[in-house]
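Undergrad: I have a structure I would like to understand better, so I am pasting it below and will then ask my questions one at a time.
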Protein chains: 2
Amino acid sequence: MNRGRATTPAGANLPTLRHHNAALVLDLLRAAGPEGISRLELADGTGLTPQAVSKITARLRADGLAADAGLRPSTGGKPRTVLRLVSDARFAVGLHLDRDGLTAVLVDLAGRPVAVTSAPLDFGAPADRVLADAADAVRDLSAAEPHRPVLGVGVAVPGPLDHRDGVLHRVTGFPGWNGYPLRAALAERTGLPVVVDKDTNAAALALALDQPAGGDFAYLHLGTGLGAGLVLGGQVHRGARTGAGEFGHQTLQLDGPLCECGGRGCIEALCLAAEARGDRAEAARVLGTGAANLVRLLDIERVVLGGRTVAADEDAYVRGVRTVIGERAARDGAGPAVTVTVAGGGDRPVAEGAAQLVLAPVFGRVGEHADGRVRRAGGSFG
Amino acid sequence: MNRGRATTPAGANLPTLRHHNAALVLDLLRAAGPEGISRLELADGTGLTPQAVSKITARLRADGLAADAGLRPSTGGKPRTVLRLVSDARFAVGLHLDRDGLTAVLVDLAGRPVAVTSAPLDFGAPADRVLADAADAVRDLSAAEPHRPVLGVGVAVPGPLDHRDGVLHRVTGFPGWNGYPLRAALAERTGLPVVVDKDTNAAALALALDQPAGGDFAYLHLGTGLGAGLVLGGQVHRGARTGAGEFGHQTLQLDGPLCECGGRGCIEALCLAAEARGDRAEAARVLGTGAANLVRLLDIERVVLGGRTVAADEDAYVRGVRTVIGERAARDGAGPAVTVTVAGGGDRPVAEGAAQLVLAPVFGRVGEHADGRVRRAGGSFG
DNA sequence: TCCACTTAAGCAACGCTGTTGCCTAAGTGC
DNA sequence: GCACTTAGGCAACAGCGTTGCTTAAGTGGA
């Protein structure tokens, strides 16, 4: 149901309102980190009255999601009470299914990993066997915090899929996964809500946490292929058919060399060819040109590079991309620079980002809930 | 204040809730057109209870925004009462300031133009003189419906600007407009709320009305230059600095011919060069390649072409763009086709779209209000 | 030491939201 | 003519953030 449309505009009732404001407060609590944040600062950040914030935080404290964290120095009156997120009140599992390995991580509400598992994986094996391995990993991790509620499982996979239904499509080289209902199958085996998304989207979501909410942000992943995850207005942009982020096969050279996708002059082909012949500067320049296209088309503020190929020589890629973007910005006379950085930690951000697929709704960052349940008068606001 | 951030996530209170739901209902009423829509269909479309819809529509009727429009045939019980939008309950003015002309249009709530003015304009004249002409046009049009409230003025201008402040920046060839506070100046002269945006964004907004809410959509304008307006998730995507939609200077041919922007191989340069030497098929193919990049990067469902150059040979451009996008989709094995059409009416959609800048908030389509007023506990939901 | 002042935060009453339960209006069909 | 179906309003209600006020807990000058 409801397929083909991005999000049905949903009417809002009082529970929706309550959930929306609570998520807003939780998001600010998370952003404040262990230092915490006072009620009045929460009021200022949300636009709600201090009294409303008092009521909301009282509920969060009753639910065990927030707690006192000391006092601020007085500024001439009663000192402010500081609140912090109780980060071990809930947990989420993130699963990264790659072509040759499985990484699973249990993260707390703050997004910090508290347990990690890694294992080799034959993605070409029968889907049911892979699924059994994945379910085992989830079970093992959940056992690490037996008395704490696990909100759900986020799964990051390579290649095309339908995010809404959690069904894979045409994973290159692995036809056995075509049409496989990964979400439903894993949900049944684990008894937990499951969300499935592309690996690049998961990574982008994790990396966007360092951004202020509402920022526009792109993650470019250069490994054996080239893909992108886009976060626009604080939310992962997936497009109508979850196909957004197809960055590697953007045409960058009209009638250029043939790419394995059948097209000509794709960024991925140009970039990997340069890398293959050892011309890393050219590879970085090609990537930078594509990034500059992206930045100007969407007016993006921050670009993060990642993936094994980038990790092999981070400096060269960051410098190359920064140079191309900088040159174009200078030509436009545009002022504020675009930040170009590199994602640390290899592939682990992908698994952590997968967990964020589950956590994001708690903090009001996405429009759809992991369990796909439909309340009358919808979930979060449009 | 609040610059540099897309939208501050805002807390919601009961007035916000009420406004949100009312806007949702109005949007459905508008989409239903003169045929109208029943209360139960509204309930189904919003997810609200029928009783809630009854209350909301009662308020809308009291405000003169909705009215009865007959009965549906019975399906075995009491026939449904049909409601319609009272399209002449409110009006908005759209202003299109172009390099050589000014078009002003008064539209009703349904977006239909009820009065149009056109005049030559010297955009290079002193800003204050241009502004006086614009203010006169607004006054004349408002007089056409003297007893009906005009909600505000939307202004579409070429080139870079800050949508939030309504200040122009570096309009190519017209340095006199640099930093000119167009929004504030016109608001003071007319006494009406004013919104300013890029011409391509305005056009995209108008054309996106035919789309279901939440759809992703791109408008490509090929005139003396090449630009794009992007509507993602039902909202105009402007980016952090209102710079999104810079489509003409996307690099499409690495180290290609020099463009007047200083770069090499820009789409605009390639496309206009082909057009200049009479090779329209090649121009269309270049435009199509850029469009295909866009479609795949953002997973866009519908592309509309417009502008004088396209208008000169609509068939050639539509066919060319459709071919390139179709070829790539076929290579991906992707199913549902992307719609490629052409915008009728020459430049008039831009002025009508400018009016939509004012109307959009009424129907819950954007995150910011025309008058820039700040309520405590913010406007629409994030 | 005391007292005026400032700032933070909770209590109680309130207005208003959508929801629920029930009833009436207005059709169809045996 | 009666049973049934469907639409839609009335009244009571739970629950949201807001308002007005009070209490808590500091600072700083007399």
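Lettering and numbering for the structure tokens are positional, with chains as A, B, ... in the shown order, residues counted from 1 in each chain, and ligands counted from 1 in the shown order.
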What residues in chain A have any atom no more than 6 Å from chain C when counting only C-alpha atoms (C1' of nucleotides), and can you write them as a PyMOL selection string?

TA: chain A and resi 13+76-78

Undergrad: Let's have chain A fitted on chain B; use all the C-alpha atoms paired in order for the least-squares step and return it as a compact mmCIF listing (two decimals) with C-alpha atoms, in the first residue's frame.

TA:
```txt
# COMPACT_ATOMS: atom_id res chain seq x y z
CA MET A 1 18.29 36.01 12.13
CA ASN A 2 18.30 32.31 11.58
CA ARG A 3 20.38 32.55 8.43
CA GLY A 4 22.61 29.86 7.11
CA ARG A 5 20.29 27.11 8.31
CA ALA A 6 17.65 25.60 6.13
CA THR A 7 14.82 25.55 8.62
CA THR A 8 15.00 25.63 12.36
CA PRO A 9 13.16 22.56 13.60
CA ALA A 10 10.16 24.09 15.24
CA GLY A 11 8.08 22.95 18.15
CA ALA A 12 4.39 22.62 17.41
CA ASN A 13 1.45 23.82 19.46
CA LEU A 14 -2.29 23.65 18.94
CA PRO A 15 -2.52 26.56 16.49
CA THR A 16 0.25 24.93 14.47
CA LEU A 17 -1.65 21.67 14.49
CA ARG A 18 -4.84 23.37 13.40
CA HIS A 19 -3.10 25.24 10.61
CA HIS A 20 -1.35 22.10 9.42
CA ASN A 21 -4.56 20.10 9.11
CA ALA A 22 -6.48 22.98 7.57
CA ALA A 23 -3.74 23.38 4.95
CA LEU A 24 -3.90 19.67 4.21
CA VAL A 25 -7.63 19.84 3.64
CA LEU A 26 -7.28 22.96 1.50
CA ASP A 27 -4.66 21.23 -0.60
CA LEU A 28 -7.01 18.33 -1.25
CA LEU A 29 -9.83 20.75 -2.06
CA ARG A 30 -7.60 22.50 -4.55
CA ALA A 31 -6.50 19.24 -6.12
CA ALA A 32 -10.14 18.20 -6.47
CA GLY A 33 -10.86 21.26 -8.59
CA PRO A 34 -14.38 22.50 -9.38
CA GLU A 35 -15.80 18.99 -9.11
CA GLY A 36 -15.16 19.08 -5.41
CA ILE A 37 -14.54 16.35 -2.87
CA SER A 38 -16.62 14.86 -0.08
CA ARG A 39 -15.87 14.95 3.62
CA LEU A 40 -15.25 11.23 3.77
CA GLU A 41 -12.79 11.42 0.92
CA LEU A 42 -11.03 14.21 2.77
CA ALA A 43 -10.90 12.00 5.85
CA ASP A 44 -9.41 9.23 3.80
CA GLY A 45 -6.86 11.53 2.19
CA THR A 46 -5.69 13.09 5.42
CA GLY A 47 -5.98 10.16 7.77
CA LEU A 48 -8.13 12.25 10.10
CA THR A 49 -11.44 11.04 11.48
CA PRO A 50 -14.59 12.10 9.61
CA GLN A 51 -15.63 14.09 12.62
CA ALA A 52 -12.37 16.05 12.59
CA VAL A 53 -12.86 16.77 8.91
CA SER A 54 -16.38 18.01 9.63
CA LYS A 55 -15.02 20.45 12.18
CA ILE A 56 -12.22 21.63 9.92
CA THR A 57 -14.46 22.11 6.91
CA ALA A 58 -16.96 23.97 9.08
CA ARG A 59 -14.21 26.45 9.95
CA LEU A 60 -13.16 26.74 6.32
CA ARG A 61 -16.74 27.42 5.30
CA ALA A 62 -17.07 30.05 8.00
CA ASP A 63 -13.93 31.69 6.65
CA GLY A 64 -15.39 31.62 3.16
CA LEU A 65 -12.68 29.31 1.85
CA ALA A 66 -14.90 26.30 1.16
CA ALA A 67 -18.49 25.89 0.02
CA ASP A 68 -21.05 23.19 -0.81
CA ALA A 69 -21.01 21.89 -4.35
CA GLY A 70 -23.92 19.50 -4.59
CA LEU A 71 -24.35 15.85 -3.71
CA ARG A 72 -22.86 12.60 -4.88
CA PRO A 73 -25.16 9.82 -6.04
CA SER A 74 -26.17 7.64 -3.15
CA THR A 75 -24.42 4.31 -2.71
CA GLY A 76 -27.17 2.88 -0.59
CA GLY A 77 -27.39 5.50 2.12
CA LYS A 78 -27.33 9.21 2.63
CA PRO A 79 -25.51 10.78 -0.32
CA ARG A 80 -22.18 12.49 0.32
CA THR A 81 -22.09 16.25 0.34
CA VAL A 82 -19.42 17.60 -1.99
CA LEU A 83 -17.25 20.54 -0.99
CA ARG A 84 -15.20 22.75 -3.24
CA LEU A 85 -12.57 25.45 -2.81
CA VAL A 86 -13.99 28.97 -3.12
CA SER A 87 -11.28 30.05 -5.46
CA ASP A 88 -12.04 33.75 -5.44
CA ALA A 89 -11.91 34.02 -1.67
CA ARG A 90 -8.28 35.15 -1.76
CA PHE A 91 -5.86 36.33 -4.40
CA ALA A 92 -2.12 36.65 -4.88
CA VAL A 93 0.06 38.68 -7.19
CA GLY A 94 2.89 37.11 -9.14
CA LEU A 95 5.64 39.28 -10.60
CA HIS A 96 8.18 38.15 -13.13
CA LEU A 97 11.10 40.55 -13.46
CA ASP A 98 13.13 39.55 -16.49
CA ARG A 99 16.08 41.14 -18.24
CA ASP A 100 13.84 42.88 -20.77
CA GLY A 101 10.29 42.70 -19.49
CA LEU A 102 7.93 42.70 -16.53
CA THR A 103 4.97 40.36 -16.33
CA ALA A 104 2.48 40.66 -13.51
CA VAL A 105 -0.46 38.41 -12.87
CA LEU A 106 -3.25 38.27 -10.33
CA VAL A 107 -4.23 34.69 -9.58
CA ASP A 108 -6.99 33.24 -7.43
CA LEU A 109 -6.67 30.51 -4.82
CA ALA A 110 -6.96 27.84 -7.48
CA GLY A 111 -3.99 29.34 -9.28
CA ARG A 112 -6.01 30.63 -12.20
CA PRO A 113 -4.93 34.01 -13.57
CA VAL A 114 -7.69 36.60 -13.44
CA ALA A 115 -5.69 39.58 -14.68
CA VAL A 116 -2.39 39.96 -16.49
CA THR A 117 -0.12 42.90 -17.23
CA SER A 118 2.96 42.97 -19.41
CA ALA A 119 5.37 45.79 -19.98
CA PRO A 120 8.88 46.25 -21.27
CA LEU A 121 11.43 46.74 -18.55
CA ASP A 122 14.96 48.04 -18.46
CA PHE A 123 16.46 45.86 -15.78
CA GLY A 124 19.62 47.92 -16.05
CA ALA A 125 17.83 51.10 -14.94
CA PRO A 126 18.29 52.25 -11.35
CA ALA A 127 16.80 49.72 -8.99
CA ASP A 128 14.45 52.24 -7.42
CA ARG A 129 12.89 53.05 -10.77
CA VAL A 130 12.36 49.39 -11.61
CA LEU A 131 10.86 48.94 -8.20
CA ALA A 132 8.43 51.79 -8.76
CA ASP A 133 7.25 50.15 -11.98
CA ALA A 134 6.80 46.86 -10.19
CA ALA A 135 4.85 48.48 -7.37
CA ASP A 136 2.61 50.21 -9.90
CA ALA A 137 1.86 46.90 -11.58
CA VAL A 138 0.93 45.39 -8.23
CA ARG A 139 -1.34 48.30 -7.43
CA ASP A 140 -3.11 48.09 -10.79
CA LEU A 141 -3.75 44.40 -10.44
CA SER A 142 -4.99 44.67 -6.87
CA ALA A 143 -7.51 47.23 -8.10
CA ALA A 144 -8.96 44.56 -10.38
CA GLU A 145 -10.46 42.85 -7.35
CA PRO A 146 -10.89 45.73 -4.96
CA HIS A 147 -13.03 43.96 -2.40
CA ARG A 148 -11.03 40.76 -2.16
CA PRO A 149 -8.02 40.27 0.04
CA VAL A 150 -4.65 39.92 -1.69
CA LEU A 151 -2.42 37.66 0.36
CA GLY A 152 0.89 38.95 -0.91
CA VAL A 153 3.29 39.37 -3.79
CA GLY A 154 5.61 36.72 -5.14
CA VAL A 155 8.54 37.93 -7.22
CA ALA A 156 10.57 35.80 -9.62
CA VAL A 157 13.92 37.19 -10.68
CA PRO A 158 16.84 35.78 -12.65
CA GLY A 159 20.03 34.85 -10.99
CA PRO A 160 21.41 34.36 -7.52
CA LEU A 161 19.66 35.69 -4.47
CA ASP A 162 18.91 34.90 -0.88
CA HIS A 163 15.38 33.60 -0.67
CA ARG A 164 15.11 34.09 3.04
CA ASP A 165 16.12 37.72 3.13
CA GLY A 166 14.89 38.55 -0.36
CA VAL A 167 18.20 40.14 -1.27
CA LEU A 168 19.70 39.83 -4.75
CA HIS A 169 23.31 38.85 -5.34
CA ARG A 170 25.56 39.26 -8.37
CA VAL A 171 22.91 39.31 -11.09
CA THR A 172 25.01 38.74 -14.20
CA GLY A 173 25.39 41.97 -16.17
CA PHE A 174 23.45 44.11 -13.70
CA PRO A 175 25.79 45.05 -10.86
CA GLY A 176 23.35 47.73 -9.68
CA TRP A 177 21.20 44.99 -8.12
CA ASN A 178 23.99 43.55 -6.02
CA GLY A 179 22.81 43.33 -2.46
CA TYR A 180 19.55 45.13 -3.21
CA PRO A 181 16.92 44.30 -0.54
CA LEU A 182 14.15 43.66 -3.04
CA ARG A 183 11.82 42.00 -0.59
CA ALA A 184 11.89 44.71 2.04
CA ALA A 185 11.69 47.53 -0.50
CA LEU A 186 8.70 46.13 -2.35
CA ALA A 187 6.95 45.18 0.88
CA GLU A 188 7.24 48.74 2.07
CA ARG A 189 5.96 50.22 -1.19
CA THR A 190 3.00 47.87 -1.55
CA GLY A 191 2.17 47.26 2.08
CA LEU A 192 1.89 43.55 1.23
CA PRO A 193 3.96 40.55 2.27
CA VAL A 194 6.57 39.78 -0.38
CA VAL A 195 8.47 36.59 -1.26
CA VAL A 196 11.36 36.57 -3.72
CA ASP A 197 12.74 33.55 -5.50
CA LYS A 198 14.62 32.50 -8.61
CA ASP A 199 12.58 32.37 -11.81
CA THR A 200 13.28 28.69 -12.32
CA ASN A 201 12.10 27.86 -8.80
CA ALA A 202 8.88 29.78 -9.37
CA ALA A 203 8.25 27.98 -12.64
CA ALA A 204 8.94 24.62 -11.03
CA LEU A 205 6.51 25.39 -8.22
CA ALA A 206 3.74 26.26 -10.67
CA LEU A 207 4.35 23.19 -12.81
CA ALA A 208 4.56 20.91 -9.78
CA LEU A 209 0.94 21.71 -8.96
CA ASP A 210 -0.13 19.10 -11.47
CA GLN A 211 1.91 16.58 -9.54
CA PRO A 212 0.65 14.62 -6.60
CA ALA A 213 1.97 16.14 -3.40
CA GLY A 214 5.31 14.71 -2.43
CA GLY A 215 6.47 13.97 -5.94
CA ASP A 216 9.97 14.69 -7.16
CA PHE A 217 10.14 16.88 -10.17
CA ALA A 218 12.58 18.99 -12.20
CA TYR A 219 12.02 21.96 -14.46
CA LEU A 220 14.77 22.69 -16.97
CA HIS A 221 14.75 26.14 -18.50
CA LEU A 222 16.71 26.71 -21.69
CA GLY A 223 16.61 30.29 -22.85
CA THR A 224 19.62 32.53 -23.17
CA GLY A 225 21.01 30.46 -20.34
CA LEU A 226 20.23 27.11 -18.77
CA GLY A 227 18.85 26.67 -15.28
CA ALA A 228 16.80 24.25 -13.26
CA GLY A 229 14.15 24.32 -10.58
CA LEU A 230 13.91 21.29 -8.33
CA VAL A 231 10.86 20.18 -6.40
CA LEU A 232 11.76 17.39 -4.00
CA GLY A 233 9.18 15.86 -1.72
CA GLY A 234 6.65 18.43 -2.86
CA GLN A 235 8.78 21.38 -1.82
CA VAL A 236 11.12 23.61 -3.78
CA HIS A 237 14.67 22.60 -2.95
CA ARG A 238 16.72 25.74 -2.48
CA GLY A 239 19.70 24.51 -0.52
CA ALA A 240 21.51 26.29 2.24
CA ARG A 241 22.16 29.53 0.37
CA THR A 242 19.26 29.42 -2.15
CA GLY A 243 21.84 28.40 -4.72
CA ALA A 244 20.36 25.05 -5.73
CA GLY A 245 19.34 24.53 -9.34
CA GLU A 246 22.63 25.70 -10.80
CA PHE A 247 22.28 23.30 -13.67
CA GLY A 248 23.75 25.15 -16.63
CA HIS A 249 27.29 24.98 -15.42
CA GLN A 250 27.39 21.34 -14.55
CA THR A 251 30.48 19.86 -16.13
CA LEU A 252 29.41 17.42 -18.80
CA GLN A 253 32.63 17.20 -20.74
CA LEU A 254 35.83 17.06 -18.76
CA ASP A 255 38.29 19.55 -20.26
CA GLY A 256 35.70 20.48 -22.88
CA PRO A 257 35.34 23.85 -24.58
CA LEU A 258 35.69 26.96 -22.46
CA CYS A 259 32.47 28.38 -21.07
CA GLU A 260 31.93 32.06 -20.34
CA CYS A 261 31.69 31.16 -16.67
CA GLY A 262 35.37 30.29 -16.79
CA GLY A 263 34.84 26.56 -16.55
CA ARG A 264 35.16 23.92 -19.20
CA GLY A 265 32.59 21.62 -20.74
CA CYS A 266 29.54 23.13 -19.03
CA ILE A 267 26.17 21.83 -20.25
CA GLU A 268 25.04 25.32 -21.10
CA ALA A 269 28.05 26.04 -23.29
CA LEU A 270 27.80 22.71 -25.10
CA CYS A 271 24.08 23.02 -25.59
CA LEU A 272 24.02 26.61 -26.79
CA ALA A 273 27.01 26.01 -29.07
CA ALA A 274 25.22 23.14 -30.77
CA GLU A 275 22.10 25.22 -31.08
CA ALA A 276 24.12 28.12 -32.52
CA ARG A 277 25.57 25.99 -35.28
CA GLY A 278 22.14 24.63 -36.08
CA ASP A 279 22.68 21.16 -34.70
CA ARG A 280 19.51 20.97 -32.68
CA ALA A 281 19.65 17.20 -32.30
CA GLU A 282 23.01 17.50 -30.60
CA ALA A 283 21.75 20.30 -28.37
CA ALA A 284 18.85 18.10 -27.33
CA ARG A 285 21.19 15.18 -26.73
CA VAL A 286 23.40 17.31 -24.49
CA LEU A 287 20.39 18.57 -22.56
CA GLY A 288 19.09 15.02 -22.33
CA THR A 289 22.37 13.77 -20.93
CA GLY A 290 22.30 16.41 -18.24
CA ALA A 291 18.68 15.60 -17.52
CA ALA A 292 19.51 11.91 -17.29
CA ASN A 293 22.23 12.70 -14.76
CA LEU A 294 19.69 14.62 -12.72
CA VAL A 295 17.04 11.94 -12.97
CA ARG A 296 19.37 9.21 -11.80
CA LEU A 297 21.03 11.22 -9.08
CA LEU A 298 17.74 12.25 -7.47
CA ASP A 299 15.43 9.52 -8.77
CA ILE A 300 13.14 12.10 -10.30
CA GLU A 301 9.82 11.05 -11.82
CA ARG A 302 9.00 13.90 -14.11
CA VAL A 303 11.00 16.40 -16.17
CA VAL A 304 9.47 19.47 -17.76
CA LEU A 305 11.32 21.54 -20.34
CA GLY A 306 10.74 25.21 -20.94
CA GLY A 307 12.24 28.48 -22.10
CA ARG A 308 12.46 30.28 -25.42
CA THR A 309 15.05 28.03 -26.99
CA VAL A 310 13.02 24.93 -26.23
CA ALA A 311 9.83 26.64 -27.37
CA ALA A 312 11.40 27.19 -30.81
CA ASP A 313 11.35 23.44 -31.44
CA GLU A 314 9.58 21.62 -28.67
CA ASP A 315 9.39 18.29 -30.44
CA ALA A 316 13.11 18.06 -31.08
CA TYR A 317 13.99 18.76 -27.47
CA VAL A 318 11.38 16.53 -25.90
CA ARG A 319 12.30 13.70 -28.23
CA GLY A 320 16.03 14.15 -27.66
CA VAL A 321 15.74 14.26 -23.88
CA ARG A 322 13.30 11.38 -23.80
CA THR A 323 15.65 9.26 -25.89
CA VAL A 324 18.70 9.75 -23.69
CA ILE A 325 16.77 9.14 -20.47
CA GLY A 326 15.08 6.12 -21.99
CA GLU A 327 18.37 4.59 -23.13
CA ARG A 328 19.85 4.87 -19.68
CA ALA A 329 16.76 3.53 -17.99
CA ALA A 330 16.81 0.56 -20.35
CA ARG A 331 20.45 -0.14 -19.45
CA ASP A 332 19.53 -0.14 -15.78
CA GLY A 333 16.59 -2.39 -16.41
CA ALA A 334 14.54 0.16 -14.53
CA GLY A 335 10.86 -0.14 -15.11
CA PRO A 336 8.57 2.86 -14.80
CA ALA A 337 9.41 5.52 -17.31
CA VAL A 338 10.25 9.09 -16.51
CA THR A 339 7.77 11.55 -17.95
CA VAL A 340 9.28 14.24 -20.15
CA THR A 341 7.00 17.07 -21.23
CA VAL A 342 7.22 20.69 -22.19
CA ALA A 343 5.80 23.69 -20.36
CA GLY A 344 3.25 25.57 -22.41
CA GLY A 345 2.59 29.29 -22.32
CA GLY A 346 6.10 30.67 -22.79
CA ASP A 347 7.15 32.76 -19.84
CA ARG A 348 3.74 33.13 -18.23
CA PRO A 349 4.24 30.07 -15.96
CA VAL A 350 7.02 32.00 -14.27
CA ALA A 351 4.72 34.83 -13.19
CA GLU A 352 2.05 32.36 -12.13
CA GLY A 353 4.66 30.42 -10.21
CA ALA A 354 5.72 33.61 -8.49
CA ALA A 355 2.16 33.94 -7.23
CA GLN A 356 2.38 30.35 -6.03
CA LEU A 357 5.25 31.39 -3.79
CA VAL A 358 2.59 33.25 -1.81
CA LEU A 359 -0.14 30.64 -2.14
CA ALA A 360 1.97 27.60 -1.34
CA PRO A 361 2.02 28.14 2.45
CA VAL A 362 -1.77 28.31 2.47
CA PHE A 363 -1.80 24.76 1.16
CA GLY A 364 1.00 23.57 3.37
CA ARG A 365 3.52 23.24 0.60
CA VAL A 366 6.43 25.20 2.06
CA GLY A 367 8.04 25.80 5.40
CA GLU A 368 8.14 29.54 5.50
CA HIS A 369 5.53 32.26 5.44
CA ALA A 370 5.53 35.19 3.12
CA ASP A 371 5.43 37.82 5.80
CA GLY A 372 8.34 36.31 7.66
CA ARG A 373 6.49 36.69 10.92
CA VAL A 374 7.69 34.49 13.71
CA ARG A 375 5.13 32.97 15.94
CA ARG A 376 6.27 31.47 19.14
CA ALA A 377 6.34 27.74 18.47
CA GLY A 378 6.96 28.19 14.81
CA GLY A 379 5.02 27.94 11.62
CA SER A 380 4.49 24.68 9.85
CA PHE A 381 6.01 21.40 10.82
CA GLY A 382 9.56 20.55 9.88
```

Undergrad: Select from segment 225-269 of chain B everything DSSP, run on the backbone, classes as strand (DSSP E), then give the selection as a list in words.

TA: Leu226, Gly227, Ala228, Gly229, Leu230, Val231, Leu232, Gln235 and Val236 of chain B

Undergrad: Got time to write the residues from that selection, N, CA and C atoms, as a PDB file, in the first residue's frame?

TA:
```
ATOM      1  N   LEU B 226      20.805  28.373 -19.149  1.00  0.00           N
ATOM      2  CA  LEU B 226      20.194  27.101 -18.788  1.00  0.00           C
ATOM      3  C   LEU B 226      20.165  26.984 -17.272  1.00  0.00           C
ATOM      4  N   GLY B 227      18.976  26.811 -16.737  1.00  0.00           N
ATOM      5  CA  GLY B 227      18.849  26.680 -15.287  1.00  0.00           C
ATOM      6  C   GLY B 227      17.828  25.618 -14.950  1.00  0.00           C
ATOM      7  N   ALA B 228      17.732  25.293 -13.673  1.00  0.00           N
ATOM      8  CA  ALA B 228      16.803  24.267 -13.243  1.00  0.00           C
ATOM      9  C   ALA B 228      16.093  24.684 -11.970  1.00  0.00           C
ATOM     10  N   GLY B 229      14.866  24.227 -11.814  1.00  0.00           N
ATOM     11  CA  GLY B 229      14.149  24.345 -10.555  1.00  0.00           C
ATOM     12  C   GLY B 229      13.824  22.949 -10.080  1.00  0.00           C
ATOM     13  N   LEU B 230      14.125  22.685  -8.824  1.00  0.00           N
ATOM     14  CA  LEU B 230      13.925  21.333  -8.297  1.00  0.00           C
ATOM     15  C   LEU B 230      12.833  21.338  -7.241  1.00  0.00           C
ATOM     16  N   VAL B 231      11.890  20.425  -7.376  1.00  0.00           N
ATOM     17  CA  VAL B 231      10.882  20.242  -6.344  1.00  0.00           C
ATOM     18  C   VAL B 231      11.052  18.836  -5.797  1.00  0.00           C
ATOM     19  N   LEU B 232      11.522  18.746  -4.562  1.00  0.00           N
ATOM     20  CA  LEU B 232      11.789  17.451  -3.940  1.00  0.00           C
ATOM     21  C   LEU B 232      10.856  17.269  -2.744  1.00  0.00           C
ATOM     22  N   GLN B 235       8.387  20.107  -2.120  1.00  0.00           N
ATOM     23  CA  GLN B 235       8.840  21.436  -1.759  1.00  0.00           C
ATOM     24  C   GLN B 235       9.999  21.859  -2.658  1.00  0.00           C
ATOM     25  N   VAL B 236      10.049  23.149  -2.956  1.00  0.00           N
ATOM     26  CA  VAL B 236      11.158  23.664  -3.742  1.00  0.00           C
ATOM     27  C   VAL B 236      12.452  23.459  -2.959  1.00  0.00           C
TER      28      VAL B 236
END
```

Undergrad: Contacts from chain D to chain B, 6 Å maximum, only C-alpha atoms (C1' of nucleotides): show me the residue list as a list in words.

TA: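 Going by the stated atoms only, the list reads DT5, DT6, DA7 and DG17 of chain D.
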
Undergrad: Take the residues from that selection and write them out as a PDB file, in the first residue's frame, keeping C-alpha atoms (C1' of nucleotides).

TA:
```
ATOM      1  C1'  DT D   5     -26.800   1.439   4.795  1.00  0.00           C
ATOM      2  C1'  DT D   6     -24.267   5.569   4.621  1.00  0.00           C
ATOM      3  C1'  DA D   7     -23.298  10.550   5.769  1.00  0.00           C
ATOM      4  C1'  DG D  17       0.626  23.600  24.977  1.00  0.00           C
TER       5       DG D  17
END
```

Undergrad: Can you check which residues of segment 215-280 of chain A DSSP gives as alpha helix (DSSP H) on the backbone and send them as a PyMOL selection string?

TA: chain A and resi 267-276+280
